[in-house]
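Engineer: One structure, pasted below without further comment.
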Amino acid sequence: MDATCGMFGRSPDFLNVMLTGFAIGADEFGRRDPKFAENVRKYHAFARDADLCMTHTLLNPQVDRSKPVEAQDKDLAARIVRETDAGVVINGARMVSTLCAFSDDILVMPSTFLATNEAAAPYAFGFSIPVATAGLKFICRPSVVHQNAGSAMDYPLSSRLDEGDALAVFDNVLVPWDRVFIHRDPEMCNGLYSRTGAMPQVMHQTTTKNLAKPSS
Ligand SMILES: Cc1cc2nc3c(=O)[nH]c(=O)nc-3n(C[C@H](O)[C@H](O)[C@H](O)COP(=O)(O)OP(=O)(O)OC[C@H]3O[C@@H](n4cnc5c(N)ncnc54)[C@H](O)[C@@H]3O)c2cc1C
C-alpha cells in the first residue's frame with residue numbers, strides 16, 4: 001500500500017483476505033450440505049497455491065432499489081436459471097467488477113439482503129469461476145489513462161493505477177458444482193459476512209490501504 005500511496009482500491013490482497021475470511025468460517029457454508037464447506041476450503045487452497053488474482057462482484061444492477069431483486073420490472077440481475085449434473089447455470093448481470101481485466105478468477109458473492117422465500121432463492125448463490133469462462137463478458141468503463149500523454153509524469157497516478165471497473169454479464173454461464181459455495185440459500189447470504197467473520201478481515205485490509213493514503 002505504501003508503494004502505491006494507498007491508491008490501489010482493489011489490489012489482489014483484498015480478495016485474498018476476503019476468501020481467507022470465508023475459509024476460516026467454512027463450516028458455515030456447509031450447514032445445509034457439507035460439500036459447499038469443502039468447496040470453499042479447496043478453492044482457498046487452490047487460490048493460495050496458484051497465487052490467483054481475483055475480481056469480485058457483490059451487487060445487482062441498479063434498476064429499482066425500492067423493490068427486492070425478485071420483484072424488479074426488468075429481469076437483469078444474475079440468477080440461477082437451471083441446475084445440471086455438471087453444475088449451476090447463471091444468467092444476467094452483476095455490478096461492479098474492479099480489476100476484472102487483470103484477474104484470473106471472479107468471486108461472485110451476495111451482499112444485499114434477500115427475502116427468505118422461493119422467489120428470491122434463484123438470486124441466492126455464491127461461486128468463483130475463471131474470468132475466461134464461456135458466456136462471461138465484462139463491459140468495461142473507459143480507462144482514465146490519458147492515451148496521448150507525453151509522459152507518465154504528466155499523469156503520475158492515473159497513468160499507473162487505473163484498475164478498471166466493469167459490469168459482469170453472465171450469458172448462460174455454467175458454474176461447476178465444485179466451484180459453488182452457496183446454492184439457493186437466502187439465509188446463508190444474509191448472514192454471510194457476520195457468520196464467517198470475513199468482514200473484519202476485509203476491513204483490516206481496507207484500513208491499511210487508507211492509512212497509506214497521503215493525507216492532504
Ligand atoms: C469505483 C467503484 C468500484 C467498485 N468496485 C466494486 C467491486 O469490485 N465489486 C463490487 O461488488 N462492487 C463494487 N463497487 C460497487 C459498490 O459496492 C456500490 O457502488 C455501492 O455498494 C453502492 O451501491 P450502488 O452503486 O448500487 O448504489 P445504490 O445502492 O443504487 O444507491 C444509490 C443511492 O440510492 C440510495 N438507496 C439505495 N437503495 C435504497 C433504498 N432501498 N431506499 C432508499 N434509498 C436507497 C443509496 O443510499 C444511494 O444514495 C464499486 C463501486 C465503485 C464506485
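Ordering of the C-alpha cells sets the chain letters (A, B, ...); residue numbers start at 1 within each chain; ligands are numbered from 1 in the order shown.
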Hey, which residues come within 6 Å of ligand 1 if we count only C-alpha atoms and all ligand atoms? Could you give them as a PyMOL selection string?

Structural biologist: chain A and resi 56-59+62+65-66+95-98

Engineer: If we count only C-alpha atoms and set the cut-off at 12 Å, which residues sit around A:Arg41, ignoring sequence neighbours fewer than 5 positions away in its own chain? Please answer as a ChimeraX atom specification.

Structural biologist: /A:19-30,34-36,46-48,178-181

Engineer: Taking the backbone alone, and naming residues the way the document does, which bits of stretch 10-56 of chain A are alpha helix (DSSP H) by DSSP, as a PyMOL selection string?

Structural biologist: chain A and resi 13-24+26-29+34-49

Engineer: Extract, using only C-alpha atoms, all DNA, RNA and protein residues at most 12 Å from stretch 109-113 of chain A, discarding same-chain residues fewer than 3 positions from it, and format them as a PDB file with C-alpha atoms, in the first residue's frame.

Structural biologist:
```pdb
ATOM      1  CA  LEU A  15      -9.937 -10.744  -2.271  1.00  0.00           C
ATOM      2  CA  MET A  18     -11.975 -11.938   1.898  1.00  0.00           C
ATOM      3  CA  LEU A  19     -11.526 -15.534   0.676  1.00  0.00           C
ATOM      4  CA  PHE A  22     -14.619 -17.289   4.174  1.00  0.00           C
ATOM      5  CA  THR A  55     -12.006  -9.727  -9.038  1.00  0.00           C
ATOM      6  CA  HIS A  56     -15.395  -9.837  -7.342  1.00  0.00           C
ATOM      7  CA  THR A  57     -18.958  -8.705  -7.744  1.00  0.00           C
ATOM      8  CA  LEU A  58     -21.491  -8.466  -4.944  1.00  0.00           C
ATOM      9  CA  LEU A  59     -24.282  -6.247  -6.313  1.00  0.00           C
ATOM     10  CA  ASN A  60     -27.277  -6.446  -8.625  1.00  0.00           C
ATOM     11  CA  PRO A  61     -27.636  -3.843 -11.383  1.00  0.00           C
ATOM     12  CA  ARG A  65     -33.749  -0.150  -5.368  1.00  0.00           C
ATOM     13  CA  LYS A  67     -38.070  -3.232  -4.733  1.00  0.00           C
ATOM     14  CA  PRO A  68     -36.394  -6.549  -3.864  1.00  0.00           C
ATOM     15  CA  VAL A  69     -34.404  -8.204  -6.647  1.00  0.00           C
ATOM     16  CA  GLU A  70     -37.080 -10.811  -7.342  1.00  0.00           C
ATOM     17  CA  ALA A  77     -29.981  -9.362 -12.137  1.00  0.00           C
ATOM     18  CA  ALA A  78     -27.881 -12.512 -12.332  1.00  0.00           C
ATOM     19  CA  ARG A  79     -29.808 -15.568 -11.206  1.00  0.00           C
ATOM     20  CA  ARG A  94     -23.815  -8.108 -11.691  1.00  0.00           C
ATOM     21  CA  MET A  95     -22.006  -4.869 -10.922  1.00  0.00           C
ATOM     22  CA  SER A  97     -16.144  -5.795 -11.095  1.00  0.00           C
ATOM     23  CA  ILE A 106     -14.126 -13.798 -10.426  1.00  0.00           C
ATOM     24  CA  THR A 116     -36.082 -15.957   2.559  1.00  0.00           C
ATOM     25  CA  ALA A 120     -35.661 -14.961  -4.024  1.00  0.00           C
ATOM     26  CA  ALA A 121     -33.871 -18.359  -3.951  1.00  0.00           C
ATOM     27  CA  PRO A 122     -32.553 -18.165  -7.578  1.00  0.00           C
ATOM     28  CA  TYR A 123     -30.686 -14.979  -6.587  1.00  0.00           C
ATOM     29  CA  ALA A 124     -29.117 -16.639  -3.505  1.00  0.00           C
ATOM     30  CA  PHE A 125     -25.794 -18.012  -4.696  1.00  0.00           C
ATOM     31  CA  GLY A 126     -22.024 -17.765  -4.267  1.00  0.00           C
ATOM     32  CA  PHE A 127     -19.300 -19.146  -6.537  1.00  0.00           C
ATOM     33  CA  SER A 128     -15.997 -18.493  -8.237  1.00  0.00           C
ATOM     34  CA  ILE A 129     -15.002 -19.192 -11.850  1.00  0.00           C
ATOM     35  CA  ARG A 179     -16.924 -24.097  -7.508  1.00  0.00           C
ATOM     36  CA  VAL A 180     -20.327 -23.460  -5.875  1.00  0.00           C
ATOM     37  CA  PHE A 181     -20.179 -22.111  -2.291  1.00  0.00           C
ATOM     38  CA  ILE A 182     -23.842 -21.098  -1.743  1.00  0.00           C
ATOM     39  CA  HIS A 183     -26.822 -22.611  -3.599  1.00  0.00           C
ATOM     40  CA  ARG A 184     -30.392 -21.229  -3.357  1.00  0.00           C
ATOM     41  CA  ASP A 185     -29.832 -20.289   0.332  1.00  0.00           C
ATOM     42  CA  PRO A 186     -31.034 -16.708   1.128  1.00  0.00           C
ATOM     43  CA  GLU A 187     -30.403 -17.148   4.873  1.00  0.00           C
ATOM     44  CA  MET A 188     -26.750 -18.009   4.243  1.00  0.00           C
ATOM     45  CA  CYS A 189     -26.445 -14.949   2.014  1.00  0.00           C
ATOM     46  CA  ASN A 190     -27.946 -12.606   4.600  1.00  0.00           C
ATOM     47  CA  GLY A 191     -25.557 -13.605   7.383  1.00  0.00           C
ATOM     48  CA  LEU A 192     -22.512 -14.380   5.282  1.00  0.00           C
ATOM     49  CA  TYR A 193     -20.049 -11.750   6.473  1.00  0.00           C
ATOM     50  CA  SER A 194     -21.020 -11.806  10.148  1.00  0.00           C
ATOM     51  CA  MET A 199     -15.771  -8.600   7.191  1.00  0.00           C
TER      52      MET A 199
END
```

Engineer: Considering only C-alpha atoms, return as a list in words whatever protein or nucleic-acid residues lie within 7 Å of stretch 210-214 of chain A, sequence-local ones (same chain, fewer than 5 positions apart) excluded.

Structural biologist: Met1, Asp2, Cys5, Gly6 and Met7 of chain A

Engineer: Once you have the residues from the selection above, write them out as an mmCIF file, in the first residue's frame, restricted to N, CA and C atoms.

Structural biologist:
```cif
data_model
loop_
_atom_site.group_PDB
_atom_site.id
_atom_site.type_symbol
_atom_site.label_atom_id
_atom_site.label_comp_id
_atom_site.auth_asym_id
_atom_site.auth_seq_id
_atom_site.Cartn_x
_atom_site.Cartn_y
_atom_site.Cartn_z
ATOM 1 N N MET A 1 0.829 -1.203 0.000
ATOM 2 C CA MET A 1 0.000 0.000 0.000
ATOM 3 C C MET A 1 0.869 1.261 0.000
ATOM 4 N N ASP A 2 1.973 1.215 0.744
ATOM 5 C CA ASP A 2 2.877 2.378 0.717
ATOM 6 C C ASP A 2 3.410 2.591 -0.696
ATOM 7 N N CYS A 5 0.779 4.397 -2.633
ATOM 8 C CA CYS A 5 0.133 5.528 -1.940
ATOM 9 C C CYS A 5 -1.317 5.218 -1.559
ATOM 10 N N GLY A 6 -1.623 3.946 -1.336
ATOM 11 C CA GLY A 6 -2.984 3.575 -0.943
ATOM 12 C C GLY A 6 -4.009 3.832 -2.034
ATOM 13 N N MET A 7 -3.527 4.006 -3.271
ATOM 14 C CA MET A 7 -4.447 4.346 -4.368
ATOM 15 C C MET A 7 -5.000 3.115 -5.082
#
```

Engineer: Write out as a list of chain:residue names which residues come within 7 Å of A:Asn172 when counting only C-alpha atoms, dropping same-chain ones fewer than 3 positions away.

Structural biologist: A:Val89, A:Ile90, A:Asn91, A:Gly135

Engineer: Please produce an output containing N, CA and C atoms for each residue in the selection, written as a PDB file, in the first residue's frame.

Structural biologist:
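File written: result.pdb
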```pdb
ATOM      1  N   VAL A  89     -26.356 -23.107 -13.766  1.00  0.00           N
ATOM      2  CA  VAL A  89     -26.293 -22.194 -14.912  1.00  0.00           C
ATOM      3  C   VAL A  89     -26.812 -20.816 -14.495  1.00  0.00           C
ATOM      4  N   ILE A  90     -25.987 -19.778 -14.758  1.00  0.00           N
ATOM      5  CA  ILE A  90     -26.292 -18.413 -14.331  1.00  0.00           C
ATOM      6  C   ILE A  90     -26.554 -17.522 -15.537  1.00  0.00           C
ATOM      7  N   ASN A  91     -27.607 -16.705 -15.421  1.00  0.00           N
ATOM      8  CA  ASN A  91     -27.921 -15.756 -16.488  1.00  0.00           C
ATOM      9  C   ASN A  91     -28.198 -14.396 -15.877  1.00  0.00           C
ATOM     10  N   GLY A 135     -19.309 -17.628 -21.974  1.00  0.00           N
ATOM     11  CA  GLY A 135     -20.557 -16.920 -21.682  1.00  0.00           C
ATOM     12  C   GLY A 135     -20.387 -15.749 -20.726  1.00  0.00           C
TER      13      GLY A 135
END
```

Engineer: Which neighbours of stretch 141-157 of chain A fall inside 9 Å, counting only C-alpha atoms, when residues of the same chain fewer than 5 positions from it are skipped, and could you give them as a ChimeraX atom specification?

Structural biologist: /A:4,7,162-167

Engineer: Emit the selected residues as a PDB file, in the first residue's frame, including all heavy atoms.

Structural biologist:
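Below you can see selection18.pdb, which holds the result:
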```pdb
ATOM      1  N   THR A   4       2.030   2.147  -3.421  1.00  0.00           N
ATOM      2  CA  THR A   4       1.035   2.708  -4.363  1.00  0.00           C
ATOM      3  C   THR A   4       0.228   3.839  -3.716  1.00  0.00           C
ATOM      4  O   THR A   4      -0.871   4.157  -4.173  1.00  0.00           O
ATOM      5  CB  THR A   4       0.062   1.580  -4.825  1.00  0.00           C
ATOM      6  OG1 THR A   4      -0.508   1.001  -3.647  1.00  0.00           O
ATOM      7  CG2 THR A   4       0.780   0.536  -5.637  1.00  0.00           C
ATOM      8  N   MET A   7      -3.527   4.006  -3.271  1.00  0.00           N
ATOM      9  CA  MET A   7      -4.447   4.346  -4.368  1.00  0.00           C
ATOM     10  C   MET A   7      -5.000   3.115  -5.082  1.00  0.00           C
ATOM     11  O   MET A   7      -5.838   3.233  -5.969  1.00  0.00           O
ATOM     12  CB  MET A   7      -3.707   5.222  -5.406  1.00  0.00           C
ATOM     13  CG  MET A   7      -3.186   6.521  -4.863  1.00  0.00           C
ATOM     14  SD  MET A   7      -4.495   7.551  -4.172  1.00  0.00           S
ATOM     15  CE  MET A   7      -5.278   8.118  -5.662  1.00  0.00           C
ATOM     16  N   ASP A 162      -4.874   2.744 -12.736  1.00  0.00           N
ATOM     17  CA  ASP A 162      -6.276   2.540 -13.103  1.00  0.00           C
ATOM     18  C   ASP A 162      -6.569   1.043 -13.117  1.00  0.00           C
ATOM     19  O   ASP A 162      -6.123   0.309 -13.998  1.00  0.00           O
ATOM     20  CB  ASP A 162      -6.577   3.133 -14.489  1.00  0.00           C
ATOM     21  CG  ASP A 162      -8.055   2.980 -14.829  1.00  0.00           C
ATOM     22  OD1 ASP A 162      -8.836   2.616 -13.921  1.00  0.00           O
ATOM     23  OD2 ASP A 162      -8.429   3.192 -15.984  1.00  0.00           O
ATOM     24  N   GLU A 163      -7.359   0.576 -12.108  1.00  0.00           N
ATOM     25  CA  GLU A 163      -7.649  -0.863 -12.010  1.00  0.00           C
ATOM     26  C   GLU A 163      -8.708  -1.281 -13.025  1.00  0.00           C
ATOM     27  O   GLU A 163      -8.824  -2.452 -13.383  1.00  0.00           O
ATOM     28  CB  GLU A 163      -8.176  -1.200 -10.616  1.00  0.00           C
ATOM     29  CG  GLU A 163      -7.214  -0.837  -9.502  1.00  0.00           C
ATOM     30  CD  GLU A 163      -7.965  -0.592  -8.212  1.00  0.00           C
ATOM     31  OE1 GLU A 163      -8.830   0.297  -8.185  1.00  0.00           O
ATOM     32  OE2 GLU A 163      -7.721  -1.313  -7.244  1.00  0.00           O
ATOM     33  N   GLY A 164      -9.529  -0.287 -13.448  1.00  0.00           N
ATOM     34  CA  GLY A 164     -10.625  -0.627 -14.357  1.00  0.00           C
ATOM     35  C   GLY A 164     -11.820  -1.174 -13.595  1.00  0.00           C
ATOM     36  O   GLY A 164     -11.668  -1.849 -12.573  1.00  0.00           O
ATOM     37  N   ASP A 165     -13.018  -0.869 -14.059  1.00  0.00           N
ATOM     38  CA  ASP A 165     -14.257  -1.357 -13.474  1.00  0.00           C
ATOM     39  C   ASP A 165     -15.178  -1.815 -14.598  1.00  0.00           C
ATOM     40  O   ASP A 165     -15.111  -1.269 -15.710  1.00  0.00           O
ATOM     41  CB  ASP A 165     -14.969  -0.246 -12.685  1.00  0.00           C
ATOM     42  CG  ASP A 165     -14.093   0.354 -11.599  1.00  0.00           C
ATOM     43  OD1 ASP A 165     -13.741  -0.387 -10.677  1.00  0.00           O
ATOM     44  OD2 ASP A 165     -13.726   1.535 -11.719  1.00  0.00           O
ATOM     45  N   ALA A 166     -16.036  -2.778 -14.309  1.00  0.00           N
ATOM     46  CA  ALA A 166     -16.895  -3.290 -15.376  1.00  0.00           C
ATOM     47  C   ALA A 166     -18.197  -3.850 -14.835  1.00  0.00           C
ATOM     48  O   ALA A 166     -18.322  -4.154 -13.647  1.00  0.00           O
ATOM     49  CB  ALA A 166     -16.160  -4.398 -16.139  1.00  0.00           C
ATOM     50  N   LEU A 167     -19.160  -3.956 -15.754  1.00  0.00           N
ATOM     51  CA  LEU A 167     -20.389  -4.709 -15.488  1.00  0.00           C
ATOM     52  C   LEU A 167     -20.099  -6.142 -15.938  1.00  0.00           C
ATOM     53  O   LEU A 167     -19.567  -6.352 -17.026  1.00  0.00           O
ATOM     54  CB  LEU A 167     -21.533  -4.119 -16.327  1.00  0.00           C
ATOM     55  CG  LEU A 167     -22.908  -4.727 -16.138  1.00  0.00           C
ATOM     56  CD1 LEU A 167     -23.545  -4.213 -14.844  1.00  0.00           C
ATOM     57  CD2 LEU A 167     -23.819  -4.396 -17.322  1.00  0.00           C
TER      58      LEU A 167
END
```

Engineer: Between A:Leu114, A:Ala132, A:Ile139, A:Cys53, which one has atoms that come closest to A:Ala168, using only C-alpha atoms?

Structural biologist: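 Closest residue, counting only C-alpha atoms: A:Ile139.
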
Engineer: So, with only C-alpha atoms as the atoms that count, which of A:Gln72, A:Thr84, A:Ser11, A:Ser159 lies closest to A:Ser103?

Structural biologist: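 Between A:Gln72, A:Thr84, A:Ser11, A:Ser159, the residue approaching A:Ser103 most closely is A:Ser11.
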
Engineer: Got a sec to tell me which of stretch 26-183 of chain A DSSP assigns to strand (DSSP E), as a PyMOL selection string?

Structural biologist: chain A and resi 54-57+79-83+87-95+105-108+125-130+136-140+166-176+180-183

Engineer: Any idea what the distance is between atom CA of A:Lys137 and atom CA of A:Val17?

Structural biologist: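 If I compute the distance from atom CA of A:Lys137 to atom CA of A:Val17, I get 25.3 Å.
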
Engineer: Hey, can you check how far atom CA of A:Val63 sits from atom CA of A:Asp75?

Structural biologist: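 Computing it gives 9.2 Å between the two atoms.
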
Engineer: Between atom CA of A:Val88 and atom CA of A:Val175, measure the distance and give it in Å to one decimal.

Structural biologist: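 Computing it gives 5.1 Å between the two atoms.
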